[in-house]
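Everything below belongs to entry28.cif, which stores mmCIF, C-alpha atoms and all ligand atoms.
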```cif
data_query
loop_
_atom_site.label_atom_id
_atom_site.label_comp_id
_atom_site.auth_asym_id
_atom_site.auth_seq_id
_atom_site.Cartn_x
_atom_site.Cartn_y
_atom_site.Cartn_z
CA MET N 1 0.00 0.00 0.00
CA ALA N 2 1.23 3.48 -0.85
CA LYS N 3 2.17 5.43 2.26
CA VAL N 4 3.24 8.81 3.58
CA TYR N 5 6.09 9.09 6.08
CA PHE N 6 5.54 11.50 8.98
CA VAL N 7 9.11 12.05 10.11
CA GLY N 8 10.33 13.83 13.24
CA CYS N 9 13.64 15.54 12.61
CA GLY N 10 14.47 16.48 16.19
CA PRO N 11 14.87 19.84 17.91
CA GLY N 12 17.34 21.45 15.50
CA ASP N 13 20.87 20.03 15.73
CA PRO N 14 21.22 17.91 12.55
CA GLU N 15 23.23 15.36 14.53
CA LEU N 16 20.09 14.65 16.53
CA LEU N 17 18.32 13.27 13.45
CA THR N 18 17.71 9.54 13.67
CA VAL N 19 19.43 7.34 11.08
CA LYS N 20 16.00 6.37 9.78
CA ALA N 21 14.89 10.00 9.39
CA LYS N 22 18.12 10.91 7.59
CA LYS N 23 17.80 8.00 5.14
CA LEU N 24 14.20 8.89 4.35
CA ILE N 25 14.78 12.57 3.74
CA GLU N 26 17.82 11.87 1.57
CA LYS N 27 15.73 9.56 -0.60
CA ALA N 28 12.48 11.57 -0.58
CA ASP N 29 10.93 12.83 -3.82
CA ILE N 30 8.57 15.21 -2.00
CA VAL N 31 9.12 16.90 1.38
CA VAL N 32 6.53 19.04 3.14
CA TYR N 33 8.39 20.65 6.03
CA SER N 34 7.55 22.82 9.03
CA GLY N 35 9.04 26.14 7.92
CA SER N 36 11.12 28.04 10.44
CA LEU N 37 11.72 25.22 12.93
CA ILE N 38 13.83 23.06 10.62
CA PRO N 39 17.44 24.19 10.17
CA PRO N 40 19.05 24.73 6.74
CA GLU N 41 21.50 21.85 7.36
CA ILE N 42 18.57 19.42 7.47
CA ILE N 43 16.81 21.02 4.51
CA LYS N 44 20.06 20.56 2.53
CA LEU N 45 19.87 16.80 3.13
CA CYS N 46 16.69 16.70 1.02
CA LYS N 47 18.92 16.40 -2.03
CA LYS N 48 16.46 15.52 -4.75
CA ALA N 49 13.12 16.42 -3.23
CA LYS N 50 10.61 18.97 -4.35
CA MET N 51 10.12 21.09 -1.22
CA TYR N 52 6.90 22.58 0.19
CA ASP N 53 6.98 24.90 3.20
CA ALA N 54 3.94 23.88 5.27
CA ALA N 55 3.86 27.31 6.93
CA LYS N 56 2.62 28.76 3.64
CA LEU N 57 -0.08 26.14 3.04
CA VAL N 58 -3.48 25.33 4.53
CA ARG N 59 -4.55 21.84 5.65
CA GLU N 60 -6.28 20.96 2.37
CA GLU N 61 -3.29 22.02 0.28
CA ILE N 62 -0.92 19.96 2.41
CA PHE N 63 -3.26 16.99 2.11
CA GLU N 64 -3.36 17.28 -1.67
CA VAL N 65 0.43 17.32 -1.91
CA LEU N 66 0.69 14.26 0.35
CA ARG N 67 -2.11 12.34 -1.37
CA ASP N 68 -1.46 13.12 -5.01
CA ASN N 69 2.27 12.44 -4.88
CA THR N 70 1.86 9.24 -2.88
CA LEU N 71 -0.67 7.96 -5.42
CA ASP N 72 1.89 8.91 -8.08
CA GLU N 73 4.28 6.45 -6.37
CA LYS N 74 6.61 9.19 -5.12
CA LEU N 75 8.40 8.86 -1.77
CA VAL N 76 6.58 11.49 0.27
CA VAL N 77 7.86 12.80 3.62
CA ARG N 78 5.96 15.16 5.91
CA LEU N 79 8.88 16.51 7.94
CA HIS N 80 8.11 17.75 11.46
CA ASP N 81 10.31 19.55 13.93
CA GLY N 82 10.86 17.53 17.10
CA ASP N 83 8.46 14.60 17.19
CA PRO N 84 5.35 14.49 14.99
CA SER N 85 3.10 13.35 17.85
CA ILE N 86 3.65 16.48 19.96
CA TYR N 87 1.63 19.49 18.77
CA GLY N 88 2.19 18.23 15.25
CA ALA N 89 -1.42 18.28 13.96
CA ILE N 90 -0.91 14.89 12.29
CA ARG N 91 -4.21 13.22 13.16
CA GLU N 92 -6.19 15.45 10.80
CA GLN N 93 -3.90 14.30 8.00
CA THR N 94 -3.60 10.62 8.89
CA ASP N 95 -7.38 10.19 9.19
CA ASN N 96 -7.94 11.78 5.79
CA LEU N 97 -5.22 9.63 4.23
CA LYS N 98 -6.85 6.50 5.66
CA LYS N 99 -10.20 7.55 4.17
CA GLU N 100 -8.55 7.54 0.75
CA GLY N 101 -6.92 4.16 1.32
CA ILE N 102 -3.43 5.62 1.78
CA GLY N 103 -1.24 4.28 4.58
CA TYR N 104 1.27 6.13 6.71
CA GLU N 105 4.20 5.52 9.00
CA VAL N 106 5.38 7.77 11.83
CA VAL N 107 9.12 8.03 12.43
CA PRO N 108 9.71 9.48 15.90
CA GLY N 109 12.09 12.34 16.58
CA ILE N 110 13.65 13.88 19.68
CA THR N 111 11.13 16.34 20.98
CA SER N 112 12.23 19.77 22.16
CA PHE N 113 11.48 19.20 25.83
CA LEU N 114 14.01 16.38 25.88
CA ALA N 115 16.60 18.56 24.15
CA SER N 116 15.81 21.23 26.77
CA ALA N 117 16.36 18.80 29.64
CA ALA N 118 19.65 17.84 27.99
CA ALA N 119 20.66 21.51 27.75
CA LEU N 120 20.01 21.83 31.48
CA GLY N 121 21.80 18.56 32.17
CA CYS N 122 18.99 17.53 34.46
CA GLU N 123 16.85 14.50 35.22
CA LEU N 124 13.13 15.21 34.89
CA THR N 125 11.98 12.35 37.14
CA LEU N 126 13.96 12.42 40.34
CA PRO N 127 13.23 9.94 43.16
CA GLY N 128 12.06 11.75 46.27
CA VAL N 129 11.03 14.81 44.22
CA THR N 130 8.63 13.67 41.49
CA GLN N 131 8.04 10.67 39.26
CA THR N 132 5.73 12.53 36.89
CA ILE N 133 6.08 14.88 33.93
CA ILE N 134 3.13 16.98 32.81
CA VAL N 135 3.46 18.22 29.24
CA THR N 136 1.06 21.00 28.36
CA ARG N 137 0.63 24.48 26.92
CA ALA N 138 -1.00 27.72 28.00
CA GLU N 139 -4.27 28.59 26.35
CA SER N 140 -4.20 31.08 23.51
CA ARG N 141 -6.11 30.77 20.24
CA THR N 142 -6.09 27.00 20.74
CA LYS N 143 -8.37 26.19 23.68
CA VAL N 144 -7.18 23.96 26.51
CA PRO N 145 -9.88 21.90 28.32
CA THR N 146 -10.94 23.51 31.66
CA ARG N 147 -9.92 20.42 33.60
CA GLU N 148 -6.37 21.03 32.32
CA LYS N 149 -6.12 24.57 33.69
CA ILE N 150 -2.55 25.30 34.72
CA SER N 151 -3.59 25.90 38.34
CA GLU N 152 -5.22 22.44 38.39
CA LEU N 153 -2.25 20.65 36.86
CA ALA N 154 0.10 22.56 39.16
CA LYS N 155 -1.56 20.94 42.19
CA HIS N 156 0.46 17.79 41.44
CA LYS N 157 3.75 19.69 41.92
CA ALA N 158 5.21 17.40 39.27
CA THR N 159 7.71 18.54 36.65
CA MET N 160 5.73 20.78 34.30
CA ILE N 161 6.71 21.36 30.70
CA PHE N 162 5.16 24.06 28.53
CA TYR N 163 5.27 24.18 24.76
CA LEU N 164 4.05 27.12 22.65
CA SER N 165 3.68 29.35 25.70
CA VAL N 166 6.74 31.45 26.44
CA HIS N 167 4.95 34.65 25.40
CA LEU N 168 2.46 33.90 28.20
CA ILE N 169 5.03 33.30 30.92
CA SER N 170 3.52 35.85 33.33
CA ASP N 171 0.15 34.06 33.22
CA ILE N 172 1.83 30.68 33.69
CA VAL N 173 3.68 31.94 36.76
CA LYS N 174 0.45 33.28 38.33
CA GLU N 175 -1.43 30.04 37.67
CA ALA N 176 1.42 27.83 38.88
CA ILE N 177 1.57 29.73 42.19
CA LYS N 178 -2.23 29.62 42.46
CA GLY N 179 -1.98 25.83 42.06
CA GLY N 180 0.47 25.45 44.92
CA TYR N 181 4.05 25.86 43.72
CA THR N 182 6.00 28.22 45.99
CA LYS N 183 7.47 31.42 44.54
CA SER N 184 10.94 29.95 45.03
CA THR N 185 10.22 26.95 42.75
CA PRO N 186 12.94 26.74 40.08
CA VAL N 187 12.04 27.48 36.45
CA ALA N 188 14.11 27.09 33.31
CA VAL N 189 13.42 28.42 29.84
CA VAL N 190 15.33 26.91 26.97
CA TYR N 191 15.24 28.93 23.75
CA ARG N 192 16.02 27.05 20.52
CA ALA N 193 17.35 23.99 22.32
CA SER N 194 20.23 22.35 20.42
CA TRP N 195 20.53 25.20 17.87
CA LYS N 196 23.77 27.22 17.69
CA ASP N 197 21.99 30.21 19.27
CA GLU N 198 20.44 28.17 22.10
CA LYS N 199 19.86 30.14 25.33
CA VAL N 200 19.18 28.71 28.77
CA ILE N 201 17.63 31.06 31.32
CA THR N 202 17.06 29.86 34.84
CA GLY N 203 15.33 31.49 37.78
CA THR N 204 12.35 30.99 40.05
CA LEU N 205 8.64 31.55 39.66
CA GLU N 206 9.25 34.91 41.29
CA ASN N 207 11.76 36.29 38.80
CA ILE N 208 11.58 34.25 35.57
CA ALA N 209 9.00 36.44 33.78
CA LYS N 210 11.20 39.53 34.06
CA LYS N 211 14.29 37.59 32.92
CA ILE N 212 12.43 36.36 29.83
CA ARG N 213 11.14 39.86 29.07
CA ASP N 214 14.69 41.24 29.41
CA GLU N 215 15.97 38.57 26.99
CA LYS N 216 13.06 39.42 24.63
CA ILE N 217 12.21 35.74 24.16
CA THR N 218 8.72 35.40 22.70
CA LYS N 219 8.80 32.08 20.82
CA THR N 220 10.58 28.75 20.17
CA ALA N 221 11.18 27.98 23.82
CA ILE N 222 10.32 25.33 26.34
CA ILE N 223 9.45 26.23 29.93
CA ILE N 224 10.26 23.71 32.65
CA ILE N 225 8.94 24.23 36.18
CA GLY N 226 9.88 22.05 39.12
CA ASP N 227 12.23 21.25 41.96
CA ILE N 228 14.09 18.74 39.77
CA ILE N 229 15.94 21.72 38.23
CA ASN N 230 17.65 22.59 41.49
CA PRO N 231 16.65 20.00 44.10
CA LYS N 232 17.34 20.75 47.75
CA HIS N 233 17.31 17.01 48.37
CA TYR N 234 16.45 13.86 46.47
CA GLU N 235 16.80 10.11 46.91
CA TYR N 236 19.21 7.77 45.21
CA SER N 237 17.66 5.26 42.82
CA LYS N 238 16.66 1.82 44.07
CA LEU N 239 17.82 0.22 40.80
CA TYR N 240 21.52 0.84 41.41
CA ASP N 241 21.45 0.40 45.18
CA LYS N 242 23.88 -2.25 46.43
CA THR N 243 21.20 -3.69 48.75
CA PHE N 244 18.63 -4.02 45.96
CA SER N 245 18.12 -7.22 43.92
CA HIS N 246 16.35 -7.36 40.60
CA GLY N 247 15.96 -9.65 37.60
CA TYR N 248 19.47 -8.95 36.26
CA ARG N 249 21.52 -8.59 39.47
CA LYS N 250 21.53 -9.86 43.05
CA ALA N 251 22.07 -7.41 45.92
CA LYS N 252 25.81 -7.00 46.64
CA VAL N 253 25.22 -6.12 50.29
CA VAL N 254 22.51 -7.59 52.49
CA SER N 255 20.79 -4.78 54.39
C1 LIG P 1 4.12 23.44 17.05
S1 LIG P 1 5.12 22.98 18.41
C2 LIG P 1 5.95 21.62 17.73
C3 LIG P 1 6.71 20.81 18.74
C4 LIG P 1 7.53 19.70 18.10
N1 LIG P 1 6.70 18.73 17.43
C5 LIG P 1 8.41 18.98 19.12
O1 LIG P 1 8.26 17.78 19.33
O2 LIG P 1 9.30 19.64 19.69
C6 LIG P 1 6.31 24.28 18.43
C7 LIG P 1 6.79 24.56 19.85
O3 LIG P 1 7.76 23.60 20.18
C8 LIG P 1 8.74 24.18 20.99
N2 LIG P 1 10.04 24.06 20.27
C9 LIG P 1 10.26 23.55 19.05
N3 LIG P 1 11.57 23.47 18.79
C10 LIG P 1 12.20 23.96 19.89
C11 LIG P 1 13.55 24.11 20.28
N4 LIG P 1 14.55 23.74 19.47
N5 LIG P 1 13.82 24.62 21.49
C12 LIG P 1 12.84 24.97 22.34
N6 LIG P 1 11.54 24.85 22.04
C13 LIG P 1 11.22 24.34 20.84
C14 LIG P 1 8.35 25.62 21.24
O4 LIG P 1 7.60 25.64 22.44
C15 LIG P 1 7.50 25.89 20.04
O5 LIG P 1 6.59 26.94 20.31
#
```

Show how you would write the structure in this file as structure tokens.
Ligand SMILES: C[S@@+](CC[C@H](N)C(=O)[O-])C[C@H]1O[C@@H](n2cnc3c(N)ncnc32)[C@H](O)[C@@H]1O
Amino acid sequence: MAKVYFVGCGPGDPELLTVKAKKLIEKADIVVYSGSLIPPEIIKLCKKAKMYDAAKLVREEIFEVLRDNTLDEKLVVRLHDGDPSIYGAIREQTDNLKKEGIGYEVVPGITSFLASAAALGCELTLPGVTQTIIVTRAESRTKVPTREKISELAKHKATMIFYLSVHLISDIVKEAIKGGYTKSTPVAVVYRASWKDEKVITGTLENIAKKIRDEKITKTAIIIIGDIINPKHYEYSKLYDKTFSHGYRKAKVVS
């Protein structure tokens, strides 16, 4: 069956492309790519492809390019920044492809929150602090369900990650505090994670909004809130504890 490849190309650094993604985009006949978030080095790898910037097209036009070229037996790649499954609007395309009897395959990519954690050099799930990551966005033109209000999600005091929201950082701070985080909770903002002009700004809920305003960052950033950024205390893992046995290793010390 003819199929379209939805390919994640990672957060920006071309070396963070998967081998599979690189092979596909080098071979592709048609590439529909997500405009400004894909670096020129990756675009250059699309050696023989006819290129379409998705930022300039509407849903129906993108669909036509994907459908018509796939039916024409071309190798068609819909290239997404990060991972296609995160704020990638792929469902509306995959459902329509299925209706026309066209298959698809999703090739995962490194999403920008993972590149942001890497830039910070931190662990997002730290024993004794939190074992949960909440990935969300602030509401703007796209509505967020009421039950997912930031102040509600903040009640968990988990690690919170915000996409598409840095321009709303003041609102996020207010809601996070309303939900129960203290003003001294650490916050990090990573702008263009893994790009050459990456910036990492750290602070607390009390001062991060001003820092971001001063840096004039209004887009292409991930916000991370949580004590994992700068933990006062945490617990060592059970997995590597010398008194802990598991399927692959016996305890080295009996407690
Ligand atoms: C439409 S979403 C797409 C997310 C993408 N699918 C992913 O997995 O990273 C665009 C948002 O992703 C985030 N983003 C994308 N690339 C980024 C990067 N290199 N550094 C920081 N944030 C990034 C920003 O929050 C931006 O507003």

Could you give me the axis-aligned bounding box of ligand LIG 1 (chain P), with 4 Å of padding per side, as centre plus edge lengths in Å to one decimal, as lines of an AutoDock Vina configuration file?
```
center_x = 9.3
center_y = 22.4
center_z = 19.7
size_x = 18.4
size_y = 17.2
size_z = 13.4
```

By how many Å are CA of Ala119 (chain N) and CA of Leu239 (chain N) apart?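 Taking CA of Ala119 (chain N) as the start and CA of Leu239 (chain N) as the end point, the length is 25.1 Å.
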
Need to verify the contact set: Leu120 (chain N), 12 Å, only C-alpha atoms, exclusion of same-chain residues closer than 3 positions in sequence. Can you return it as JSON, numbers by chain? {"N": [113, 114, 115, 116, 117, 123, 124, 187, 188, 189, 190, 191, 193, 194, 198, 199, 200, 201, 202, 222, 223, 224, 228, 229, 230]}

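Shortest atom-to-atom contact with ligand LIG 1 (chain P) among N:Leu164, N:Leu24, N:Leu79, N:Ala154: N:Leu164, counting only C-alpha atoms and all ligand atoms.
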
Pick out the residues no farther than 6 Å from ligand LIG 1 (chain P), counting all atoms listed in the file, and list them as a count of residues only. 22

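Closest approach to Thr136 (chain N) among N:Asp227, N:Glu148, N:Glu64, N:Glu26 is made by N:Glu148 (distances from only C-alpha atoms).
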
Which residues come within 12 Å of Ser140 (chain N), counting all atoms listed in the file, excluding same-chain residues fewer than 5 positions away, as a PDB file with C-alpha atoms, in the coordinates of the input?
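selection_36.pdb, freshly written:
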```pdb
ATOM      1  CA  PRO N 145      -9.880  21.900  28.320  1.00  0.00           C
ATOM      2  CA  TYR N 163       5.270  24.180  24.760  1.00  0.00           C
ATOM      3  CA  LEU N 164       4.050  27.120  22.650  1.00  0.00           C
ATOM      4  CA  SER N 165       3.680  29.350  25.700  1.00  0.00           C
ATOM      5  CA  VAL N 166       6.740  31.450  26.440  1.00  0.00           C
ATOM      6  CA  HIS N 167       4.950  34.650  25.400  1.00  0.00           C
ATOM      7  CA  LEU N 168       2.460  33.900  28.200  1.00  0.00           C
ATOM      8  CA  ASP N 171       0.150  34.060  33.220  1.00  0.00           C
ATOM      9  CA  ILE N 172       1.830  30.680  33.690  1.00  0.00           C
TER      10      ILE N 172
END
```

Distance in Å - CA of Lys178 (chain N) versus CA of Gly121 (chain N):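 For CA of Lys178 (chain N) relative to CA of Gly121 (chain N), the distance reads 28.4 Å.
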
For Val7 (chain N), which residue among N:Thr125, N:Ser85, N:Thr182, N:Asn69 is the nearest when counting all atoms listed in the file?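 Checking each candidate against Val7 (chain N), we get N:Ser85 as the closest.
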
Would you mind telling me which residue in N:Lys157, N:Lys216, N:His233, N:His80 lies nearest to Val107 (chain N) when using only C-alpha atoms?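 Among the listed residues, N:His80 lies closest to Val107 (chain N).
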
Compare N:Phe63, N:Tyr234, N:Phe6, N:Tyr248 by their minimum atom-to-atom distance to Gln131 (chain N), counting only C-alpha atoms, and give me the closest one. N:Tyr234

Let me make sure I understand: among N:Ser170, N:Thr18, N:Thr70, N:Thr146, which one has the smallest atom-to-atom distance to Ala209 (chain N) if we use only C-alpha atoms?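 The closest residue to Ala209 (chain N) is N:Ser170.
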
So that I can check the surroundings of Asn96 (chain N), please list as a list in words every protein, DNA and RNA residue that reaches within 12 Å of it, counting only C-alpha atoms and ignoring chain neighbours fewer than 2 positions away.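 The residues that qualify are Val4, Arg59, Glu60, Ile62, Phe63, Glu64, Leu66, Arg67, Ile90, Arg91, Glu92, Gln93, Thr94, Lys98, Lys99, Glu100, Gly101, Ile102, Gly103 and Tyr104 of chain N.
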
Generate a file of the selected residues that holds C-alpha atoms, formatted as a short mmCIF file (atom, residue, chain, number, x, y, z; two decimals), in the coordinates of the input.
```cif
data_model
loop_
_atom_site.label_atom_id
_atom_site.label_comp_id
_atom_site.auth_asym_id
_atom_site.auth_seq_id
_atom_site.Cartn_x
_atom_site.Cartn_y
_atom_site.Cartn_z
CA VAL N 4 3.24 8.81 3.58
CA ARG N 59 -4.55 21.84 5.65
CA GLU N 60 -6.28 20.96 2.37
CA ILE N 62 -0.92 19.96 2.41
CA PHE N 63 -3.26 16.99 2.11
CA GLU N 64 -3.36 17.28 -1.67
CA LEU N 66 0.69 14.26 0.35
CA ARG N 67 -2.11 12.34 -1.37
CA ILE N 90 -0.91 14.89 12.29
CA ARG N 91 -4.21 13.22 13.16
CA GLU N 92 -6.19 15.45 10.80
CA GLN N 93 -3.90 14.30 8.00
CA THR N 94 -3.60 10.62 8.89
CA LYS N 98 -6.85 6.50 5.66
CA LYS N 99 -10.20 7.55 4.17
CA GLU N 100 -8.55 7.54 0.75
CA GLY N 101 -6.92 4.16 1.32
CA ILE N 102 -3.43 5.62 1.78
CA GLY N 103 -1.24 4.28 4.58
CA TYR N 104 1.27 6.13 6.71
#
```

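Here CA of Gly203 (chain N) and CA of Leu37 (chain N) stand 25.9 Å from one another.
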